[in-house]
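Source file: target_31.cif (mmCIF, C-alpha atoms (C1' of nucleotides))
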```cif
data_data
loop_
_atom_site.label_atom_id
_atom_site.label_comp_id
_atom_site.auth_asym_id
_atom_site.auth_seq_id
_atom_site.Cartn_x
_atom_site.Cartn_y
_atom_site.Cartn_z
CA MET A 1 -10.93 -16.17 35.27
CA ALA A 2 -13.15 -17.26 32.42
CA ARG A 3 -16.81 -16.36 31.99
CA ARG A 4 -16.67 -12.76 33.11
CA ASN A 5 -19.65 -11.78 31.03
CA ASP A 6 -18.87 -8.13 31.53
CA HIS A 7 -19.80 -7.37 27.95
CA THR A 8 -21.99 -8.78 25.22
CA ARG A 9 -20.51 -10.06 22.00
CA GLU A 10 -21.61 -6.87 20.30
CA GLU A 11 -19.98 -4.71 22.94
CA ILE A 12 -16.68 -6.54 22.68
CA GLN A 13 -16.74 -6.25 18.91
CA GLY A 14 -17.48 -2.53 19.12
CA MET A 15 -14.68 -1.99 21.63
CA ALA A 16 -12.24 -3.91 19.47
CA ILE A 17 -13.14 -1.91 16.35
CA ASP A 18 -12.76 1.33 18.28
CA ALA A 19 -9.39 0.25 19.61
CA THR A 20 -8.31 -0.66 16.09
CA ARG A 21 -9.42 2.73 14.80
CA THR A 22 -7.40 4.46 17.49
CA LEU A 23 -4.33 2.38 16.68
CA ILE A 24 -4.64 3.22 12.98
CA ALA A 25 -5.11 6.91 13.73
CA THR A 26 -2.06 7.07 15.99
CA GLU A 27 0.40 4.48 14.69
CA GLY A 28 -0.95 3.72 11.23
CA LEU A 29 -1.98 0.39 9.73
CA GLU A 30 1.36 -1.21 10.62
CA GLY A 31 0.77 -0.35 14.27
CA VAL A 32 -2.26 -2.61 14.50
CA SER A 33 -1.82 -6.01 16.13
CA ALA A 34 -4.21 -8.46 17.71
CA ARG A 35 -2.32 -8.39 20.98
CA LYS A 36 -2.39 -4.60 21.21
CA VAL A 37 -6.11 -4.47 20.48
CA ALA A 38 -6.81 -7.20 23.00
CA GLN A 39 -4.80 -5.49 25.68
CA GLN A 40 -6.50 -2.17 25.07
CA ILE A 41 -9.99 -3.62 25.53
CA GLY A 42 -9.00 -5.67 28.56
CA TYR A 43 -9.38 -9.12 27.03
CA THR A 44 -6.91 -11.66 25.68
CA VAL A 45 -6.20 -12.50 22.05
CA GLY A 46 -8.24 -15.68 22.42
CA THR A 47 -11.39 -13.67 23.01
CA LEU A 48 -10.59 -11.47 20.02
CA TYR A 49 -10.47 -14.55 17.81
CA GLN A 50 -13.86 -15.67 19.05
CA ASN A 51 -15.32 -12.40 17.84
CA PHE A 52 -13.41 -11.95 14.60
CA GLU A 53 -12.26 -14.46 12.01
CA ASN A 54 -8.85 -12.86 11.82
CA ILE A 55 -7.01 -9.57 12.07
CA HIS A 56 -8.07 -8.56 8.56
CA GLU A 57 -11.74 -8.64 9.42
CA LEU A 58 -11.03 -6.29 12.30
CA ILE A 59 -9.11 -3.88 10.09
CA LEU A 60 -11.86 -4.06 7.48
CA HIS A 61 -14.40 -2.96 10.09
CA ALA A 62 -12.21 -0.06 11.15
CA ASN A 63 -11.74 0.95 7.51
CA ALA A 64 -15.46 0.67 6.81
CA PHE A 65 -15.98 3.21 9.57
CA SER A 66 -13.57 5.61 7.86
CA LEU A 67 -15.27 5.00 4.52
CA THR A 68 -18.61 5.91 6.06
CA GLN A 69 -17.13 9.14 7.36
CA LEU A 70 -15.61 9.87 3.97
CA LEU A 71 -18.88 9.18 2.20
CA ALA A 72 -20.71 11.52 4.57
CA ALA A 73 -18.20 14.28 3.83
CA LEU A 74 -18.58 13.76 0.08
CA GLU A 75 -22.36 13.79 0.30
CA GLN A 76 -22.23 17.02 2.22
CA ALA A 77 -19.97 18.48 -0.46
CA TYR A 78 -22.44 17.33 -3.07
CA HIS A 79 -25.25 19.32 -1.48
CA GLN A 80 -23.18 22.41 -0.98
CA GLU A 81 -22.95 23.16 -4.70
CA SER A 82 -25.72 23.26 -7.24
CA LYS A 83 -23.79 23.79 -10.49
CA PRO A 84 -22.69 20.36 -11.83
CA MET A 85 -19.09 21.29 -12.58
CA GLN A 86 -18.56 23.16 -9.31
CA ARG A 87 -20.14 20.26 -7.52
CA ILE A 88 -17.64 17.76 -8.91
CA ILE A 89 -14.74 20.04 -8.12
CA ARG A 90 -16.02 20.43 -4.59
CA ILE A 91 -16.37 16.68 -4.16
CA ALA A 92 -12.86 16.07 -5.50
CA ASN A 93 -11.40 18.66 -3.15
CA THR A 94 -13.28 17.18 -0.23
CA TYR A 95 -11.77 13.81 -1.10
CA LEU A 96 -8.35 15.41 -1.16
CA ASP A 97 -8.94 17.21 2.14
CA PHE A 98 -10.14 14.05 3.83
CA GLY A 99 -6.96 12.26 2.79
CA GLN A 100 -4.92 15.14 4.10
CA MET A 101 -6.76 15.49 7.39
CA HIS A 102 -7.08 11.79 8.16
CA GLU A 103 -3.88 10.65 6.53
CA LYS A 104 -3.38 7.46 8.53
CA GLN A 105 -7.00 6.36 8.16
CA TRP A 106 -7.04 7.14 4.46
CA ALA A 107 -3.80 5.26 3.89
CA ALA A 108 -5.12 2.31 5.91
CA ILE A 109 -8.12 2.02 3.59
CA PHE A 110 -6.07 1.90 0.43
CA ARG A 111 -2.97 0.15 1.67
CA HIS A 112 -4.66 -2.75 3.33
CA THR A 113 -4.92 -5.81 1.10
CA LEU A 114 -6.67 -9.08 1.81
CA PRO A 115 -4.41 -12.14 1.61
CA GLN A 116 -5.04 -14.44 -1.31
CA GLY A 117 -8.22 -16.42 -0.90
CA PHE A 118 -10.02 -13.78 1.14
CA VAL A 119 -13.06 -12.19 -0.38
CA MET A 120 -14.16 -8.66 0.38
CA PRO A 121 -17.35 -8.81 2.48
CA ASP A 122 -20.52 -7.38 0.95
CA TRP A 123 -20.99 -4.78 3.65
CA TYR A 124 -17.57 -3.44 2.78
CA GLN A 125 -17.98 -3.53 -0.97
CA ALA A 126 -21.31 -1.71 -0.53
CA ARG A 127 -19.50 1.32 0.84
CA ILE A 128 -17.08 1.42 -2.10
CA ASP A 129 -20.01 1.15 -4.47
CA ALA A 130 -21.82 4.00 -2.72
CA LEU A 131 -18.77 6.14 -3.28
CA PHE A 132 -18.70 5.45 -7.00
CA SER A 133 -22.46 5.99 -7.25
CA LEU A 134 -22.09 9.47 -5.86
CA ILE A 135 -19.54 10.37 -8.52
CA GLU A 136 -21.63 8.84 -11.27
CA ARG A 137 -24.62 10.86 -10.17
CA ALA A 138 -22.57 14.05 -10.20
CA VAL A 139 -21.13 13.31 -13.63
CA TRP A 140 -24.55 12.43 -14.98
CA GLU A 141 -25.85 15.84 -13.93
CA LEU A 142 -23.09 17.41 -15.93
CA ALA A 143 -24.19 15.63 -19.09
CA PRO A 144 -27.63 14.08 -18.56
CA GLY A 145 -28.06 13.27 -22.20
CA ARG A 146 -25.23 10.81 -22.52
CA ASP A 147 -25.22 7.03 -22.46
CA LYS A 148 -24.99 5.29 -19.14
CA LYS A 149 -21.89 3.52 -20.46
CA GLN A 150 -20.23 6.83 -21.25
CA ILE A 151 -21.12 8.22 -17.84
CA GLN A 152 -19.60 5.17 -16.17
CA LEU A 153 -16.45 5.38 -18.24
CA ALA A 154 -15.96 9.07 -17.50
CA SER A 155 -16.73 8.62 -13.80
CA ARG A 156 -14.22 5.82 -13.41
CA THR A 157 -11.56 7.62 -15.37
CA LEU A 158 -12.08 10.82 -13.43
CA TRP A 159 -12.17 9.17 -10.04
CA SER A 160 -9.14 6.97 -10.62
CA SER A 161 -7.32 10.15 -11.53
CA VAL A 162 -8.54 12.07 -8.51
CA HIS A 163 -7.44 9.13 -6.39
CA GLY A 164 -4.02 9.15 -8.05
CA ILE A 165 -3.50 12.79 -7.14
CA CYS A 166 -4.44 12.05 -3.53
CA ILE A 167 -1.94 9.23 -3.39
CA LEU A 168 0.87 11.31 -4.79
CA ASN A 169 -0.03 14.01 -2.32
CA ILE A 170 0.32 11.67 0.65
CA GLY A 171 3.46 9.93 -0.62
CA ASN A 172 5.79 12.82 -1.47
CA LYS A 173 4.55 15.78 0.42
CA LEU A 174 7.77 17.70 0.24
CA TYR A 175 8.86 18.33 -3.25
CA SER A 176 5.64 18.75 -5.14
CA ASP A 177 4.69 21.77 -3.04
CA ASN A 178 7.34 23.85 -4.75
CA ILE A 179 5.66 23.23 -8.08
CA ALA A 180 2.03 23.43 -7.07
CA THR A 181 -0.38 22.55 -4.34
CA PRO A 182 -2.39 19.35 -4.76
CA GLN A 183 -5.46 21.56 -5.02
CA THR A 184 -4.01 23.11 -8.15
CA LEU A 185 -3.40 19.69 -9.69
CA MET A 186 -6.93 18.67 -8.78
CA GLN A 187 -8.40 21.79 -10.37
CA SER A 188 -6.32 21.22 -13.49
CA LEU A 189 -7.39 17.61 -13.79
CA VAL A 190 -11.10 18.03 -13.23
CA THR A 191 -11.66 21.10 -15.35
CA HIS A 192 -9.54 20.00 -18.30
CA TYR A 193 -10.78 16.45 -18.36
CA LEU A 194 -14.43 17.31 -17.97
CA ASN A 195 -14.40 20.30 -20.32
CA ALA A 196 -13.02 18.16 -23.11
CA TRP A 197 -15.39 15.34 -22.25
CA VAL A 198 -18.46 17.60 -22.23
CA ARG A 199 -17.43 19.25 -25.50
CA GLU A 200 -16.93 15.86 -27.13
CA GLY A 201 -20.51 14.95 -26.18
CA SER A 202 -22.02 18.13 -27.60
CA LYS A 203 -20.56 17.35 -31.02
CA ALA A 204 -22.83 14.31 -31.39
CA MET X 205 31.87 -22.31 10.65
CA ALA X 206 32.69 -18.64 10.42
CA ARG X 207 34.95 -17.07 7.88
CA ARG X 208 33.99 -19.03 4.82
CA ASN X 209 34.91 -16.25 2.45
CA ASP X 210 33.09 -17.97 -0.35
CA HIS X 211 31.82 -14.67 -1.67
CA THR X 212 32.80 -11.04 -1.59
CA ARG X 213 30.61 -8.46 0.09
CA GLU X 214 29.37 -7.36 -3.31
CA GLU X 215 28.51 -10.91 -4.32
CA ILE X 216 26.53 -11.51 -1.16
CA GLN X 217 24.65 -8.25 -1.64
CA GLY X 218 23.85 -9.13 -5.23
CA MET X 219 22.65 -12.58 -4.28
CA ALA X 220 20.47 -11.15 -1.52
CA ILE X 221 18.89 -8.58 -3.84
CA ASP X 222 18.21 -11.28 -6.42
CA ALA X 223 16.63 -13.53 -3.82
CA THR X 224 14.47 -10.62 -2.66
CA ARG X 225 13.37 -9.92 -6.23
CA THR X 226 12.37 -13.56 -6.66
CA LEU X 227 10.42 -13.54 -3.42
CA ILE X 228 8.57 -10.39 -4.47
CA ALA X 229 7.79 -11.84 -7.90
CA THR X 230 6.43 -15.08 -6.47
CA GLU X 231 4.92 -14.23 -3.09
CA GLY X 232 4.63 -10.47 -3.22
CA LEU X 233 6.06 -7.87 -0.87
CA GLU X 234 4.52 -9.54 2.19
CA GLY X 235 6.38 -12.74 1.31
CA VAL X 236 9.77 -11.14 1.86
CA SER X 237 11.55 -11.86 5.13
CA ALA X 238 15.16 -11.64 6.22
CA ARG X 239 15.20 -15.29 7.20
CA LYS X 240 13.86 -16.45 3.84
CA VAL X 241 16.36 -14.34 1.93
CA ALA X 242 19.22 -15.57 4.12
CA GLN X 243 18.22 -19.18 3.70
CA GLN X 244 17.95 -18.81 -0.06
CA ILE X 245 21.47 -17.45 -0.42
CA GLY X 246 22.96 -19.98 1.99
CA TYR X 247 23.89 -17.58 4.78
CA THR X 248 22.36 -16.71 8.13
CA VAL X 249 20.41 -13.59 9.02
CA GLY X 250 23.42 -12.26 10.86
CA THR X 251 25.36 -12.05 7.63
CA LEU X 252 22.46 -10.31 5.92
CA TYR X 253 22.53 -7.61 8.57
CA GLN X 254 26.21 -7.06 8.01
CA ASN X 255 25.48 -6.27 4.39
CA PHE X 256 22.27 -4.29 4.75
CA GLU X 257 21.13 -1.83 7.38
CA ASN X 258 17.73 -3.46 7.59
CA ILE X 259 15.10 -5.27 5.59
CA HIS X 260 13.84 -2.04 4.05
CA GLU X 261 17.15 -1.31 2.40
CA LEU X 262 17.01 -4.74 0.81
CA ILE X 263 13.50 -4.19 -0.50
CA LEU X 264 14.49 -0.75 -1.76
CA HIS X 265 17.27 -2.32 -3.82
CA ALA X 266 14.90 -4.89 -5.29
CA ASN X 267 12.39 -2.16 -6.11
CA ALA X 268 15.08 0.01 -7.67
CA PHE X 269 15.78 -2.85 -10.02
CA SER X 270 12.13 -2.94 -11.06
CA LEU X 271 12.10 0.82 -11.49
CA THR X 272 15.09 0.59 -13.81
CA GLN X 273 13.25 -1.99 -15.90
CA LEU X 274 10.15 0.18 -15.96
CA LEU X 275 12.15 3.22 -16.98
CA ALA X 276 13.77 1.26 -19.82
CA ALA X 277 10.35 0.18 -21.09
CA LEU X 278 9.06 3.75 -20.95
CA GLU X 279 12.10 5.07 -22.77
CA GLN X 280 11.63 2.50 -25.48
CA ALA X 281 7.98 3.54 -25.79
CA TYR X 282 9.13 7.13 -26.07
CA HIS X 283 11.30 6.35 -29.07
CA GLN X 284 8.66 4.26 -30.81
CA GLU X 285 6.42 7.24 -31.50
CA SER X 286 7.32 10.57 -33.02
CA LYS X 287 4.05 12.50 -32.70
CA PRO X 288 3.92 14.15 -29.26
CA MET X 289 0.38 13.10 -28.36
CA GLN X 290 0.77 9.53 -29.61
CA ARG X 291 4.03 9.36 -27.73
CA ILE X 292 2.42 10.23 -24.41
CA ILE X 293 -0.38 7.77 -24.99
CA ARG X 294 2.15 5.08 -25.80
CA ILE X 295 4.13 5.82 -22.65
CA ALA X 296 1.00 5.76 -20.51
CA ASN X 297 -0.08 2.42 -21.96
CA THR X 298 3.38 1.00 -21.43
CA TYR X 299 3.14 2.05 -17.81
CA LEU X 300 -0.20 0.31 -17.58
CA ASP X 301 1.12 -2.84 -19.28
CA PHE X 302 4.13 -3.01 -17.02
CA GLY X 303 1.87 -2.89 -13.97
CA GLN X 304 -0.26 -5.63 -15.46
CA MET X 305 2.62 -7.87 -16.51
CA HIS X 306 4.70 -7.42 -13.37
CA GLU X 307 1.90 -6.98 -10.93
CA LYS X 308 3.74 -8.09 -7.80
CA GLN X 309 6.84 -6.04 -8.58
CA TRP X 310 4.79 -2.98 -9.45
CA ALA X 311 2.73 -3.30 -6.28
CA ALA X 312 5.91 -3.75 -4.23
CA ILE X 313 7.26 -0.44 -5.50
CA PHE X 314 4.20 1.54 -4.57
CA ARG X 315 3.06 -0.30 -1.49
CA HIS X 316 6.37 -0.32 0.33
CA THR X 317 6.70 2.53 2.80
CA LEU X 318 9.72 3.45 4.85
CA PRO X 319 9.10 3.53 8.61
CA GLN X 320 9.12 6.96 10.19
CA GLY X 321 12.57 8.42 10.44
CA PHE X 322 13.90 6.64 7.36
CA VAL X 323 14.93 8.79 4.44
CA MET X 324 14.71 7.61 0.86
CA PRO X 325 18.27 7.11 -0.45
CA ASP X 326 19.45 9.35 -3.28
CA TRP X 327 20.07 6.47 -5.68
CA TYR X 328 16.44 5.51 -5.26
CA GLN X 329 15.00 8.99 -5.56
CA ALA X 330 17.07 9.46 -8.71
CA ARG X 331 15.08 6.74 -10.45
CA ILE X 332 11.78 8.31 -9.50
CA ASP X 333 13.05 11.65 -10.77
CA ALA X 334 14.14 10.07 -14.06
CA LEU X 335 10.62 8.79 -14.52
CA PHE X 336 9.08 12.20 -14.05
CA SER X 337 11.69 13.79 -16.31
CA LEU X 338 10.66 11.51 -19.14
CA ILE X 339 7.04 12.60 -18.80
CA GLU X 340 7.97 16.25 -18.59
CA ARG X 341 10.03 15.96 -21.74
CA ALA X 342 7.14 14.32 -23.57
CA VAL X 343 4.66 16.95 -22.37
CA TRP X 344 7.05 19.75 -23.30
CA GLU X 345 7.22 18.46 -26.86
CA LEU X 346 3.46 18.68 -27.02
CA ALA X 347 3.53 22.36 -26.10
CA PRO X 348 7.09 23.66 -26.38
CA GLY X 349 5.99 27.26 -26.02
CA ARG X 350 4.61 27.05 -22.52
CA ASP X 351 6.17 28.00 -19.19
CA LYS X 352 8.27 25.44 -17.44
CA LYS X 353 5.92 25.82 -14.46
CA GLN X 354 2.93 24.97 -16.59
CA ILE X 355 4.69 21.97 -18.09
CA GLN X 356 5.54 20.70 -14.64
CA LEU X 357 2.00 21.19 -13.40
CA ALA X 358 0.48 19.38 -16.36
CA SER X 359 3.03 16.55 -16.17
CA ARG X 360 2.39 15.93 -12.51
CA THR X 361 -1.36 16.11 -12.92
CA LEU X 362 -1.29 13.77 -15.87
CA TRP X 363 1.06 11.27 -14.31
CA SER X 364 -0.71 11.14 -10.96
CA SER X 365 -3.84 10.37 -12.93
CA VAL X 366 -2.22 7.70 -15.06
CA HIS X 367 -0.88 6.18 -11.87
CA GLY X 368 -4.36 6.26 -10.33
CA ILE X 369 -5.78 4.29 -13.23
CA CYS X 370 -3.03 1.69 -12.87
CA ILE X 371 -3.79 1.31 -9.19
CA LEU X 372 -7.50 0.86 -9.75
CA ASN X 373 -6.68 -1.66 -12.42
CA ILE X 374 -4.62 -3.79 -10.06
CA GLY X 375 -6.99 -3.48 -7.12
CA ASN X 376 -10.37 -4.39 -8.57
CA LYS X 377 -9.67 -6.33 -11.70
CA LEU X 378 -13.06 -7.98 -11.88
CA TYR X 379 -15.83 -5.54 -12.01
CA SER X 380 -14.40 -2.68 -13.98
CA ASP X 381 -13.85 -4.91 -17.01
CA ASN X 382 -17.56 -5.02 -17.67
CA ILE X 383 -17.59 -1.28 -18.08
CA ALA X 384 -14.36 -0.76 -19.94
CA THR X 385 -10.79 -1.98 -20.20
CA PRO X 386 -8.17 0.03 -18.36
CA GLN X 387 -6.77 0.91 -21.76
CA THR X 388 -10.01 2.68 -22.57
CA LEU X 389 -9.85 4.67 -19.35
CA MET X 390 -6.26 5.56 -20.10
CA GLN X 391 -7.12 6.73 -23.60
CA SER X 392 -10.01 8.79 -22.26
CA LEU X 393 -7.87 10.42 -19.60
CA VAL X 394 -4.86 11.31 -21.71
CA THR X 395 -6.69 12.61 -24.80
CA HIS X 396 -9.31 14.61 -22.92
CA TYR X 397 -6.94 16.10 -20.41
CA LEU X 398 -4.24 17.01 -22.88
CA ASN X 399 -6.58 18.27 -25.59
CA ALA X 400 -8.14 20.72 -23.18
CA TRP X 401 -4.74 21.66 -21.80
CA VAL X 402 -3.24 22.29 -25.24
CA ARG X 403 -6.27 24.31 -26.32
CA GLU X 404 -6.05 26.44 -23.19
CA GLY X 405 -2.45 27.27 -24.05
CA SER X 406 -3.20 28.31 -27.62
CA LYS X 407 -5.66 30.93 -26.37
CA ALA X 408 -2.85 32.93 -24.79
"C1'" DA Y 409 -20.84 -20.58 27.26
"C1'" DC Y 410 -17.17 -17.64 27.91
"C1'" DC Y 411 -12.46 -16.58 28.62
"C1'" DT Y 412 -7.64 -17.56 29.54
"C1'" DG Y 413 -2.89 -18.70 28.90
"C1'" DA Y 414 0.22 -21.30 26.84
"C1'" DA Y 415 1.73 -23.06 22.66
"C1'" DC Y 416 3.24 -23.07 17.61
"C1'" DA Y 417 5.35 -21.14 13.83
"C1'" DC Y 418 6.68 -17.21 12.40
"C1'" DC Y 419 8.77 -12.04 12.35
"C1'" DG Y 420 13.20 -8.03 12.57
"C1'" DT Y 421 17.28 -7.17 14.81
"C1'" DT Y 422 21.48 -7.71 17.77
"C1'" DC Y 423 25.70 -9.57 19.34
"C1'" DA Y 424 28.83 -12.69 21.98
"C1'" DA Y 425 31.34 -16.45 20.54
"C1'" DG Y 426 33.83 -19.09 17.33
"C1'" DT Y 427 37.41 -19.64 13.38
"C1'" DA H 428 37.59 -10.21 9.41
"C1'" DC H 429 33.83 -13.00 8.63
"C1'" DC H 430 30.05 -15.79 9.95
"C1'" DT H 431 27.10 -18.26 13.12
"C1'" DG H 432 23.53 -19.31 16.36
"C1'" DA H 433 21.15 -18.05 20.04
"C1'" DA H 434 18.68 -14.51 22.11
"C1'" DC H 435 15.13 -10.67 22.59
"C1'" DA H 436 10.89 -8.71 21.74
"C1'" DC H 437 7.58 -9.03 18.84
"C1'" DC H 438 3.84 -11.20 15.29
"C1'" DG H 439 -1.11 -14.22 13.88
"C1'" DT H 440 -3.56 -18.02 15.20
"C1'" DT H 441 -5.24 -22.16 17.81
"C1'" DC H 442 -7.06 -24.72 21.53
"C1'" DA H 443 -7.03 -27.49 25.86
"C1'" DA H 444 -8.18 -26.25 30.29
"C1'" DG H 445 -10.61 -23.73 33.66
"C1'" DT H 446 -15.06 -21.52 35.64
#
```

Go ahead and express the file in the form of C-alpha cells.
Amino acid sequence: MARRNDHTREEIQGMAIDATRTLIATEGLEGVSARKVAQQIGYTVGTLYQNFENIHELILHANAFSLTQLLAALEQAYHQESKPMQRIIRIANTYLDFGQMHEKQWAAIFRHTLPQGFVMPDWYQARIDALFSLIERAVWELAPGRDKKQIQLASRTLWSSVHGICILNIGNKLYSDNIATPQTLMQSLVTHYLNAWVREGSKA
Amino acid sequence: MARRNDHTREEIQGMAIDATRTLIATEGLEGVSARKVAQQIGYTVGTLYQNFENIHELILHANAFSLTQLLAALEQAYHQESKPMQRIIRIANTYLDFGQMHEKQWAAIFRHTLPQGFVMPDWYQARIDALFSLIERAVWELAPGRDKKQIQLASRTLWSSVHGICILNIGNKLYSDNIATPQTLMQSLVTHYLNAWVREGSKA
DNA sequence: ACCTGAACACCGTTCAAGT
DNA sequence: ACCTGAACACCGTTCAAGT
C-alpha cells in the first residue's frame, strides 16, 4: 500500500465532495461520516484528513455546491419575470420549490453549524452574500427611489420571512396542508408586506 | 451494586431531564450525551435507558420545558397590551427576546429532529399547538370579523415570518447589526404585513 | 510524498449478570 | 425489581510506519 498516486489532490477532493453530496441527498446531514466518505471513494480516513481540515470543511463544500445550484435557480427566476413585484414572488416561490425538491440538501445547508471557534470561509460566505444581493436588487427595482438603508432593511425582513415559511414547510408537512399550501402563505407574505412597504414609501 | 433504590423512577427521570437542560444551556444540543447525563445524576447509562426509550425522548422532555417557559413569557406579553396590534408586536418581540436570552435552549428546540420513524409525542405537540393558538387568538382580535380560515392563514404566515427573523438573528449576529437591529426587522414585518392584511379585509 | 491502519477518546444502545 | 458494567457497532481525529 501507500503511494498509489491514482488521483491528484484535486481529484480526491472532488470525489470526496461528490460522495458527501450523495450521502446528504440520500441519508441527510446526519448520514455523513468521514469513514463512509472515505470508503465510498476508495481511500482511508487518513487520506481524507490530508485533504480536508475536518469533516465540517467537507460538508461546507457540499453545501456550497447546493447553494450554487440554488442561486442559479433564483437567477433564472429573476430573468423570467419583468414586473418587479411578480419577479420577487417568482423568486420566493423558486426558493420554496428548491427547498421542497431538494429537501435533504436544503436542510443540510441551514442545519449545519460550525463548532465554536470555526470561522465561515470566504468562499462560502460569498455565496450567501450573492443570494442576498439578488433579493436586494429585486427589491430595489420595486422602489428605486428609496434609500439604500431602507432597501436593505426591507430585503432582510422579507427574506428572513420567506426563509421562515420554507422552514415551517419542511418541518411540519402534514398539518399545515389542511389550512393552506406553503405557496399560499408565501403569496400572502410577499404581497401584503411589499404592498404596505411600497405604499409607505410613496407617502414621503 | 444493583438495587440501590435511592430514588423513585420519577425522581430519576426528573434528575435526568434537569441534567439534560443544564447540558443544553451550557454546551448546546450537541453537548448532550447519554453518558454525560448518566454521570451527572450518579447512575449508569443502563439505568437511563430503563427510564427513557432513547436519547431523543430525553431531549424532547428538556425542550418541552423550554417551550413551557416560552409559552409563559408569550402569555404574559399578551396580557401586557390591550390594543390588538400592539399586543402582536409585543408577543413577537418577546419571542425574539427569548431566543436571544436563551439562545442555546431556543436553538435546541428548533434544531433537534427526530430520526425517521419517530413520531412526535402528543404532550410535545400540545405545546406547539398552544403556541400557535395564542397567535391565532391575537390575530383574531385584530380582525374579529374575518373567516377562521383567513385568520389561520394570516397567523401561520405571520408566525413563520417572525420565526424566520429569529433564526437569522441567531445565525449571523454580526453583520446584520450594521444594517438594523432584529427588533427593527420585526417591527417592519409585523406592521407592514398586518396593516395590508387588515386593509384587505375592510374592502370586503 | 502519499497512503495506510491502528490507536485514542468518544458516541447510542443492549443485556447478561449481580444483589 | 433495580442497577451495573461490559459489549457492540459506530463516531472524529491523529500519526507512526510503510512504500

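The chain Y residues that come within 12 Å of chain X are Y:DC418, Y:DC419, Y:DG420, Y:DT421, Y:DT422, Y:DC423, Y:DA425, Y:DG426, Y:DT427, with only C-alpha atoms (C1' of nucleotides) taken into account.
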
| query | Could you name the residues that touch Gln116 (chain A) at 12 Å or less, counting all atoms listed in the file, but leaving out those on the same chain fewer than 6 positions away, as a PyMOL selection string? | reply | (chain A and resi 56) or (chain X and resi 231-232+234-235)

Can you translate the PyMOL selection byres ((chain X) within 9 of (chain A)) into the concrete residues it hits in this file, as an mmCIF file with C-alpha atoms, in the frame of the given file?
```cif
data_model
loop_
_atom_site.group_PDB
_atom_site.id
_atom_site.type_symbol
_atom_site.label_atom_id
_atom_site.label_comp_id
_atom_site.auth_asym_id
_atom_site.auth_seq_id
_atom_site.Cartn_x
_atom_site.Cartn_y
_atom_site.Cartn_z
ATOM 1 C CA ARG X 315 3.060 -0.300 -1.490
ATOM 2 C CA THR X 317 6.700 2.530 2.800
ATOM 3 C CA LYS X 353 5.920 25.820 -14.460
ATOM 4 C CA GLN X 356 5.540 20.700 -14.640
ATOM 5 C CA LEU X 357 2.000 21.190 -13.400
ATOM 6 C CA ALA X 358 0.480 19.380 -16.360
ATOM 7 C CA ARG X 360 2.390 15.930 -12.510
ATOM 8 C CA THR X 361 -1.360 16.110 -12.920
ATOM 9 C CA LEU X 362 -1.290 13.770 -15.870
ATOM 10 C CA TRP X 363 1.060 11.270 -14.310
ATOM 11 C CA SER X 364 -0.710 11.140 -10.960
ATOM 12 C CA SER X 365 -3.840 10.370 -12.930
ATOM 13 C CA VAL X 366 -2.220 7.700 -15.060
ATOM 14 C CA HIS X 367 -0.880 6.180 -11.870
ATOM 15 C CA GLY X 368 -4.360 6.260 -10.330
ATOM 16 C CA ILE X 369 -5.780 4.290 -13.230
ATOM 17 C CA CYS X 370 -3.030 1.690 -12.870
ATOM 18 C CA ILE X 371 -3.790 1.310 -9.190
ATOM 19 C CA LEU X 372 -7.500 0.860 -9.750
ATOM 20 C CA GLY X 375 -6.990 -3.480 -7.120
ATOM 21 C CA SER X 380 -14.400 -2.680 -13.980
ATOM 22 C CA ILE X 383 -17.590 -1.280 -18.080
ATOM 23 C CA ALA X 384 -14.360 -0.760 -19.940
ATOM 24 C CA PRO X 386 -8.170 0.030 -18.360
ATOM 25 C CA THR X 388 -10.010 2.680 -22.570
ATOM 26 C CA LEU X 389 -9.850 4.670 -19.350
ATOM 27 C CA MET X 390 -6.260 5.560 -20.100
ATOM 28 C CA SER X 392 -10.010 8.790 -22.260
ATOM 29 C CA LEU X 393 -7.870 10.420 -19.600
ATOM 30 C CA VAL X 394 -4.860 11.310 -21.710
ATOM 31 C CA THR X 395 -6.690 12.610 -24.800
ATOM 32 C CA HIS X 396 -9.310 14.610 -22.920
ATOM 33 C CA TYR X 397 -6.940 16.100 -20.410
ATOM 34 C CA LEU X 398 -4.240 17.010 -22.880
ATOM 35 C CA ASN X 399 -6.580 18.270 -25.590
ATOM 36 C CA ALA X 400 -8.140 20.720 -23.180
ATOM 37 C CA TRP X 401 -4.740 21.660 -21.800
ATOM 38 C CA GLU X 404 -6.050 26.440 -23.190
#
```

Once 5 Å is added on each side, what centre and edge lengths in Å to one decimal does the axis-aligned box around all listed atoms of region 410-413 of chain Y have, as JSON?
```
{"center_x": -10.0, "center_y": -17.6, "center_z": 28.7, "size_x": 24.3, "size_y": 12.1, "size_z": 11.6}
```

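Interatomic distance, CA of Tyr247 (chain X) against CA of Ile228 (chain X): 19.3 Å.
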
| task | Might you spell out which residues the PyMOL selection byres ((chain A and resi 58-68) around 7) would select in the displayed file, as a ChimeraX atom specification? | result | /A:17,20-21,52,54-57,69-72,105,108-109,124,127

Filtering to C-alpha atoms, could you give me those residues as an mmCIF file, in the coordinates of the input?
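Output saved as part.cif:
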```
data_model
loop_
_atom_site.group_PDB
_atom_site.id
_atom_site.type_symbol
_atom_site.label_atom_id
_atom_site.label_comp_id
_atom_site.auth_asym_id
_atom_site.auth_seq_id
_atom_site.Cartn_x
_atom_site.Cartn_y
_atom_site.Cartn_z
ATOM 1 C CA ILE A 17 -13.140 -1.910 16.350
ATOM 2 C CA THR A 20 -8.310 -0.660 16.090
ATOM 3 C CA ARG A 21 -9.420 2.730 14.800
ATOM 4 C CA PHE A 52 -13.410 -11.950 14.600
ATOM 5 C CA ASN A 54 -8.850 -12.860 11.820
ATOM 6 C CA ILE A 55 -7.010 -9.570 12.070
ATOM 7 C CA HIS A 56 -8.070 -8.560 8.560
ATOM 8 C CA GLU A 57 -11.740 -8.640 9.420
ATOM 9 C CA GLN A 69 -17.130 9.140 7.360
ATOM 10 C CA LEU A 70 -15.610 9.870 3.970
ATOM 11 C CA LEU A 71 -18.880 9.180 2.200
ATOM 12 C CA ALA A 72 -20.710 11.520 4.570
ATOM 13 C CA GLN A 105 -7.000 6.360 8.160
ATOM 14 C CA ALA A 108 -5.120 2.310 5.910
ATOM 15 C CA ILE A 109 -8.120 2.020 3.590
ATOM 16 C CA TYR A 124 -17.570 -3.440 2.780
ATOM 17 C CA ARG A 127 -19.500 1.320 0.840
#
```
